[in-house]
Amino acid sequence: MTGVGQAAINASETAPRLSARTILAWLGPVFVTAVVFKLATNDGGRDPASLAVAQIAVVLGLIVVIVLGRARLGPIGASMLALSGLIALSSLWSVRPESTVRTLLLWTTYLGIAVITASTLPSRRAARVMIDALVCVAGWLVLVALFMYWGANNPGMRWYSTFYWPNPFAGFLLLTFPIELARYAGAGDRREAIAHGVLSVLLGGALVLTYSRGAWLSLLAALPFLLALLPRARRIPAVARLAGLAVFVAAAVMVATATVATGPGQGGSEVVSRAASVADAGDTSIQGRLAFWRAALQIFRDYPWLGTGAGTFAAVHASYQRDARFYARDAHNIYVQTLSELGLAGAVALGAVLAALVMTAARAMRAARASGDDVLVAECSTALVAFFAHSAVEQNWSFPADPAAAFLLVGVLASYAGRGETAARRHHWARWLAAVTLILLIATATMAYGAHHAWVAGQAAARQGDVEGAGRQYAKAARLNPIHPGYAALQAAIVMQSPVPDLIAARRYLARAMRLDRMNASHPLLLARYLMIGPPDPSRLDEAERLLRQSLQLDPRNRPEAYRLLARIHLERGGPDQAEQVYRDAAALYRGRGLARSITSLLLWPEVGTLLQEHAVLLMSSGRPVEAVEMLTELIQEDPTWAPAYIELARAYRRMGQPTEANRVLDEGLRRTDDEPLWVAWRMRQRGSGRAYER
């Protein structure tokens, strides 16, 4: 054998072999960071396809780590496992099991991210590189937000990047900005300080321009924690550096806003006014959050021990809502929302997770100080303090990218806390039992996404008028995800759109939807609407009335159509007084609340405006035109673009013998809105005829 060949053999025999641990150490951190990037760049993790891919990938990775015996559970993993178990059990009593299963998949994903990170990080250098990658993800999101900002040319635009909502984007920045702050404050040389200072200005400026007051306050609350974690000798220099950095961030914000400001002195003024509004107790956002928290606590009082089921706040909140302006699918506070959904048992489980996190951070800090790497643990801990503080006032947990990034940092802390420890030895049967359980969750996530894909295809077929094709796709979705109530409701809708509507089948589908989602007012409302199609039938009207009252009991403030249909039933029975009372009860909920100028204007206001208009018409037909004029005038003040109100008001004035006022109303309506029926009424007026707007 030649010398070269023998040397090759010797080299292959002495080279380090790629063990499972080595492979995981290379792939684990890259894999987890890629998952967080995927979620963050796709609607903050709310995109169904991206979320399904992330969930399946993380659970598969968790299976690999467990089967190979490399999983480090630790206190944080054990507490998260206990919370996930409680979530799974809550599906037995949940008011909407599909939402609970979806929440279970999310928490399993967060558990997987934490365990994979803690189990695969081989060194502190790898941990630093992983955190650098997370900061790079945030930097990319900031550049996307800056591009959108300049494109919008609006200095008051709130930055939201690929989250498409500013407050959760601010939550993601809170997980990275404190990291750069800590690195800048503790930088040992000028080059390092400049690098981290520039990144801090970039991330800090973006955080300011989200206009998230909760994020600003959460950051201020976390900064003393950061200073306390730094070595005593570094604290005073760190304060000086942070003060200087604040000046640079303010300057960057002024420059950014000035580049798109439309008037002199406008750059930065929105930030100042937004900050000043924190002290305004009457602010709509503040009042809304207080309303959400009161509702969550009321749910907790009614379901104190086990709650209504994980992920069900959105389904239950409408029954406890006290103001039509403040509708939410999230309590904007993970702690009171957990109380409402899982009761005292959930509060204890979540408290155990937070306690385990504190314990893990403390152990990580002791281990890091021994190795001289305490700044890394301090930055991760500070970011988590800011995030969990922000979670008390915002809907971070509705955007999976935020908690996914948070548990990446938790995994980093757990890796430090467990440095030097070996993975716990467990029986083979326990590993395989865990693997089988996780495989079932993968199957669940896969089928749920398949059902969503079929729903998308069904929606496309319905838009093209292919009722039969839409029905097939909705049926497929219902087979793949049989606990989803929305698919059953869609099956009911599609059979009623067929050439020969099938009320019996629609009733069967909606009965199933009501069993799966018993707090949802839309299902009985939809069935009542179907029962009222066709000639009046006394028995069907009686059933429709019962269903409408059930709908209004479940959701008295967000279903104006239910009031309209209930009034219509009374009118068909010959009871105008009862119908007028229904309209009056509904009007008391909506009048004078500024709904047309609130965020509900896109969803709730069109139905509310129609309801108030119908009430005015009934008042006119009952010989009470003065009251009708008052209501229509108020309706126009609420929404000056509501064209039908001008026509009805003109009719009311003509009935009162005031044609001049009627003409004035039509002219005013044409100045404020461009509506074809209004133009027709105006042209008929010009010809000297009132037939176009007389009843």
# chains A, B, ... in the order shown; residues from 1 in each chain; ligands from 1
>>> residues_around(residues="Arg597 of chain A", least_positions_apart="6", cutoff="12 Å", atoms="only C-alpha atoms", output="list in words")
Thr284, Arg325, Leu603, Leu604, Trp605, Pro606, Gln637, Glu638, Asp639, Pro640 and Thr641 of chain A
>>> residues_around(residues="Ala521 of chain A", least_positions_apart="3", cutoff="9 Å", atoms="only C-alpha atoms", output="ChimeraX atom specification")
/A:318,514,518,524-526,548,550-556,559
>>> residues_around(residues="segment 569-583 of chain A", least_positions_apart="6", cutoff="8 Å", atoms="only C-alpha atoms", output="list in words")
Pro536, Leu541, Glu545, Tyr563, Leu611, Leu612, His615, Leu618 and Leu619 of chain A
>>> residues_around(residues="Ala356 of chain A", least_positions_apart="3", cutoff="10 Å", atoms="only C-alpha atoms", output="number ranges by chain")
A: 74-80, 350-353, 359-362
>>> residues_around(residues="Leu480 of chain A", least_positions_apart="3", cutoff="7 Å", atoms="only C-alpha atoms", output="PyMOL selection string")
chain A and resi 447-448+450-451+476-477
>>> write_last_selection(atoms="C-alpha atoms", output="PDB file, in the first residue's frame")
ATOM      1  CA  MET A 447     -55.433  17.020   9.161  1.00  0.00           C
ATOM      2  CA  ALA A 448     -56.316  20.499  10.441  1.00  0.00           C
ATOM      3  CA  GLY A 450     -55.708  19.748   5.120  1.00  0.00           C
ATOM      4  CA  ALA A 451     -59.150  20.852   6.242  1.00  0.00           C
ATOM      5  CA  LYS A 476     -63.934  17.186   2.873  1.00  0.00           C
ATOM      6  CA  ALA A 477     -62.929  19.860   5.376  1.00  0.00           C
TER       7      ALA A 477
END
>>> closest_residue(among="A:Arg329, A:Arg96, A:Arg584, A:Arg529", to="Arg515 of chain A", atoms="only C-alpha atoms")
A:Arg96
>>> select_by_dssp(residues="segment 152-331 of chain A", states="alpha helix (DSSP H)", output="PyMOL selection string")
chain A and resi 152+166-174+177-185+190-209+213-229+232-258+269-276+284-302+313-320
>>> residues_around(residues="Trp165 of chain A", least_positions_apart="2", cutoff="12 Å", atoms="only C-alpha atoms", output="JSON, numbers by chain")
{"A": [43, 44, 46, 145, 157, 158, 159, 160, 161, 162, 163, 167, 168, 169, 170, 171, 172, 210, 211, 212, 394, 395, 396, 398, 399]}
>>> residues_around(residues="Val129 of chain A", least_positions_apart="6", cutoff="12 Å", atoms="only C-alpha atoms", output="MDAnalysis selection string")
chainID A and resid 26 29:30 33 121:123 135:136 376 412
>>> write_last_selection(atoms="N, CA and C atoms", output="short mmCIF file (atom, residue, chain, number, x, y, z; two decimals), in the first residue's frame")
data_model
loop_
_atom_site.label_atom_id
_atom_site.label_comp_id
_atom_site.auth_asym_id
_atom_site.auth_seq_id
_atom_site.Cartn_x
_atom_site.Cartn_y
_atom_site.Cartn_z
N TRP A 26 -25.31 20.85 15.81
CA TRP A 26 -25.23 21.70 14.62
C TRP A 26 -26.61 22.08 14.11
N PRO A 29 -29.96 24.41 16.86
CA PRO A 29 -30.11 25.88 16.90
C PRO A 29 -30.51 26.48 15.56
N VAL A 30 -29.93 25.95 14.47
CA VAL A 30 -30.30 26.47 13.14
C VAL A 30 -31.76 26.18 12.85
N THR A 33 -34.12 28.49 15.00
CA THR A 33 -34.10 29.87 14.50
C THR A 33 -34.85 29.98 13.18
N LEU A 121 -27.85 23.02 22.33
CA LEU A 121 -26.81 24.05 22.34
C LEU A 121 -25.54 23.48 22.96
N PRO A 122 -24.43 23.39 22.20
CA PRO A 122 -23.23 22.72 22.73
C PRO A 122 -22.32 23.61 23.55
N SER A 123 -22.43 24.94 23.37
CA SER A 123 -21.48 25.82 24.03
C SER A 123 -22.07 27.21 24.14
N VAL A 135 -31.59 38.24 16.64
CA VAL A 135 -31.50 39.69 16.44
C VAL A 135 -31.52 40.03 14.95
N CYS A 136 -30.88 39.20 14.13
CA CYS A 136 -30.90 39.42 12.68
C CYS A 136 -32.32 39.29 12.13
N LEU A 376 -24.71 37.65 28.68
CA LEU A 376 -25.64 36.93 27.82
C LEU A 376 -26.88 36.50 28.59
N VAL A 412 -32.36 28.92 25.75
CA VAL A 412 -30.97 29.33 25.94
C VAL A 412 -30.64 29.38 27.44
#
>>> closest_residue(among="A:Ala650, A:Leu433, A:Val278, A:Ala295", to="Leu339 of chain A", atoms="only C-alpha atoms")
A:Ala295
>>> closest_residue(among="A:Val377, A:Leu217, A:Leu384, A:Ala54", to="Thr176 of chain A", atoms="only C-alpha atoms")
A:Leu384
>>> atom_distance(atom1="atom CA of Val36 of chain A", atom2="atom CA of Ile131 of chain A")
11.7 Å
>>> atom_distance(atom1="atom CA of Ser119 of chain A", atom2="atom CA of Ala71 of chain A")
5.5 Å
>>> atom_distance(atom1="atom CA of Ala310 of chain A", atom2="atom CA of Thr100 of chain A")
4.8 Å
>>> closest_residue(among="A:Pro178, A:Gly307, A:Gly411, A:Pro482", to="Ala378 of chain A", atoms="only C-alpha atoms")
A:Pro178
